[in-house]
Amino acid sequence: MSNPTIPESSTEPSESFSEIFSQYEKSHSHKRNNEDGGKQLEGTVIAISTDSVILDIGFKSEGILPLADFQSAGEPVKPGNKLLVSVKGRNPEGYYELTRAKVERPKDWAALEKAFAEKATIVVP
């Protein structure tokens, strides 16, 4: 006689754990293009620490830039400043590591083409 509080074992074959896990991985995988790397974002400076500038980039976690980059360029930075950045990865603390180098691309292509045609020297700031 069966006990109603104890479920009876099923005689139907069930999937193995590895099959279930494989299905889970397929349904929950997302493509990481380097955490939106290369995509230009506008970040807002929210805080400045002793070695980093912390930006709100609209993600769940903030992004950081090295403060030394601003200090070496003599560029003042303060909370509220807007900066164009791109994501280059994540650090062990979970912050997005940002860069401004990838987004500082030439905007005046005509002048570059002219300089190329004239074999002129281009000075990069």
# chains A, B, ... in the order shown; residues from 1 in each chain; ligands from 1
call {"tool": "residues_around", "arguments": {"residues": "Ala68 in chain A", "least_positions_apart": "5", "cutoff": "9 Å", "atoms": "only C-alpha atoms", "output": "count of residues only"}}
result
3
call {"tool": "residues_around", "arguments": {"residues": "Asn91 in chain A", "least_positions_apart": "3", "cutoff": "12 Å", "atoms": "only C-alpha atoms", "output": "PyMOL selection string"}}
result
chain A and resi 35+61-65+87-88+94-98
call {"tool": "write_last_selection", "arguments": {"atoms": "C-alpha atoms", "output": "PDB file, in the first residue's frame"}}
result
ATOM      1  CA  GLU A  35      30.891  44.299 -21.860  1.00  0.00           C
ATOM      2  CA  SER A  61      27.589  48.971 -11.771  1.00  0.00           C
ATOM      3  CA  GLU A  62      29.701  52.109 -12.069  1.00  0.00           C
ATOM      4  CA  GLY A  63      32.733  52.556 -14.248  1.00  0.00           C
ATOM      5  CA  ILE A  64      36.193  53.785 -13.278  1.00  0.00           C
ATOM      6  CA  LEU A  65      38.966  55.726 -14.975  1.00  0.00           C
ATOM      7  CA  VAL A  87      34.165  49.859 -21.658  1.00  0.00           C
ATOM      8  CA  LYS A  88      37.339  47.795 -21.868  1.00  0.00           C
ATOM      9  CA  GLY A  94      33.037  44.460 -10.272  1.00  0.00           C
ATOM     10  CA  TYR A  95      33.506  47.978 -11.621  1.00  0.00           C
ATOM     11  CA  TYR A  96      33.646  48.549 -15.359  1.00  0.00           C
ATOM     12  CA  GLU A  97      37.123  49.582 -16.460  1.00  0.00           C
ATOM     13  CA  LEU A  98      36.732  52.492 -18.840  1.00  0.00           C
TER      14      LEU A  98
END
call {"tool": "atom_distance", "arguments": {"atom1": "CA of Phe70 in chain A", "atom2": "CA of Arg100 in chain A"}}
result
10.9 Å
call {"tool": "residues_around", "arguments": {"residues": "Val85 in chain A", "least_positions_apart": "5", "cutoff": "6 Å", "atoms": "only C-alpha atoms", "output": "ChimeraX atom specification"}}
result
/A:40-41,99-100
call {"tool": "atom_distance", "arguments": {"atom1": "CA of Leu84 in chain A", "atom2": "CA of Lys114 in chain A"}}
result
26.9 Å
call {"tool": "closest_residue", "arguments": {"among": "A:Pro92, A:Glu113, A:Ile57, A:Val77", "to": "Lys39 in chain A", "atoms": "only C-alpha atoms"}}
result
A:Ile57
call {"tool": "residues_around", "arguments": {"residues": "Gly43 in chain A", "least_positions_apart": "3", "cutoff": "6 Å", "atoms": "only C-alpha atoms", "output": "MDAnalysis selection string"}}
result
chainID A and resid 55:57 82:83
call {"tool": "decode", "arguments": {"residues": "range 56-70 of chain A", "atoms": "N, CA, C and O atoms", "output": "PDB file, in the first residue's frame"}}
result
ATOM      1  N   ASP A  56      29.017  57.222 -13.547  1.00  0.00           N
ATOM      2  CA  ASP A  56      27.750  56.543 -13.775  1.00  0.00           C
ATOM      3  C   ASP A  56      27.620  56.430 -15.281  1.00  0.00           C
ATOM      4  O   ASP A  56      27.562  57.434 -15.987  1.00  0.00           O
ATOM      5  N   ILE A  57      27.590  55.193 -15.788  1.00  0.00           N
ATOM      6  CA  ILE A  57      27.506  54.977 -17.226  1.00  0.00           C
ATOM      7  C   ILE A  57      26.163  54.357 -17.621  1.00  0.00           C
ATOM      8  O   ILE A  57      25.989  53.891 -18.737  1.00  0.00           O
ATOM      9  N   GLY A  58      25.231  54.321 -16.689  1.00  0.00           N
ATOM     10  CA  GLY A  58      23.905  53.797 -16.977  1.00  0.00           C
ATOM     11  C   GLY A  58      23.777  52.295 -16.848  1.00  0.00           C
ATOM     12  O   GLY A  58      22.756  51.731 -17.204  1.00  0.00           O
ATOM     13  N   PHE A  59      24.804  51.623 -16.348  1.00  0.00           N
ATOM     14  CA  PHE A  59      24.748  50.190 -16.112  1.00  0.00           C
ATOM     15  C   PHE A  59      24.422  49.959 -14.642  1.00  0.00           C
ATOM     16  O   PHE A  59      24.341  50.897 -13.861  1.00  0.00           O
ATOM     17  N   LYS A  60      24.279  48.707 -14.251  1.00  0.00           N
ATOM     18  CA  LYS A  60      24.001  48.391 -12.856  1.00  0.00           C
ATOM     19  C   LYS A  60      25.180  48.701 -11.956  1.00  0.00           C
ATOM     20  O   LYS A  60      25.024  48.935 -10.777  1.00  0.00           O
ATOM     21  N   SER A  61      26.377  48.693 -12.522  1.00  0.00           N
ATOM     22  CA  SER A  61      27.589  48.971 -11.771  1.00  0.00           C
ATOM     23  C   SER A  61      28.266  50.189 -12.383  1.00  0.00           C
ATOM     24  O   SER A  61      28.115  50.459 -13.573  1.00  0.00           O
ATOM     25  N   GLU A  62      29.010  50.923 -11.580  1.00  0.00           N
ATOM     26  CA  GLU A  62      29.701  52.109 -12.069  1.00  0.00           C
ATOM     27  C   GLU A  62      30.952  51.731 -12.845  1.00  0.00           C
ATOM     28  O   GLU A  62      31.414  50.617 -12.793  1.00  0.00           O
ATOM     29  N   GLY A  63      31.490  52.729 -13.526  1.00  0.00           N
ATOM     30  CA  GLY A  63      32.733  52.556 -14.248  1.00  0.00           C
ATOM     31  C   GLY A  63      33.822  53.395 -13.609  1.00  0.00           C
ATOM     32  O   GLY A  63      33.532  54.367 -12.898  1.00  0.00           O
ATOM     33  N   ILE A  64      35.080  53.026 -13.849  1.00  0.00           N
ATOM     34  CA  ILE A  64      36.193  53.785 -13.278  1.00  0.00           C
ATOM     35  C   ILE A  64      37.229  54.114 -14.345  1.00  0.00           C
ATOM     36  O   ILE A  64      37.434  53.362 -15.288  1.00  0.00           O
ATOM     37  N   LEU A  65      37.831  55.283 -14.178  1.00  0.00           N
ATOM     38  CA  LEU A  65      38.966  55.726 -14.975  1.00  0.00           C
ATOM     39  C   LEU A  65      40.086  56.055 -14.013  1.00  0.00           C
ATOM     40  O   LEU A  65      39.825  56.557 -12.914  1.00  0.00           O
ATOM     41  N   PRO A  66      41.337  55.840 -14.380  1.00  0.00           N
ATOM     42  CA  PRO A  66      42.448  56.212 -13.497  1.00  0.00           C
ATOM     43  C   PRO A  66      42.541  57.732 -13.363  1.00  0.00           C
ATOM     44  O   PRO A  66      42.509  58.459 -14.354  1.00  0.00           O
ATOM     45  N   LEU A  67      42.635  58.225 -12.140  1.00  0.00           N
ATOM     46  CA  LEU A  67      42.774  59.653 -11.884  1.00  0.00           C
ATOM     47  C   LEU A  67      44.075  60.180 -12.472  1.00  0.00           C
ATOM     48  O   LEU A  67      44.151  61.323 -12.921  1.00  0.00           O
ATOM     49  N   ALA A  68      45.107  59.340 -12.525  1.00  0.00           N
ATOM     50  CA  ALA A  68      46.410  59.742 -13.052  1.00  0.00           C
ATOM     51  C   ALA A  68      46.309  60.231 -14.501  1.00  0.00           C
ATOM     52  O   ALA A  68      47.070  61.115 -14.901  1.00  0.00           O
ATOM     53  N   ASP A  69      45.363  59.689 -15.282  1.00  0.00           N
ATOM     54  CA  ASP A  69      45.185  60.135 -16.662  1.00  0.00           C
ATOM     55  C   ASP A  69      44.816  61.611 -16.726  1.00  0.00           C
ATOM     56  O   ASP A  69      45.276  62.340 -17.593  1.00  0.00           O
ATOM     57  N   PHE A  70      43.993  62.041 -15.799  1.00  0.00           N
ATOM     58  CA  PHE A  70      43.575  63.451 -15.755  1.00  0.00           C
ATOM     59  C   PHE A  70      44.699  64.326 -15.219  1.00  0.00           C
ATOM     60  O   PHE A  70      44.929  65.421 -15.704  1.00  0.00           O
TER      61      PHE A  70
END
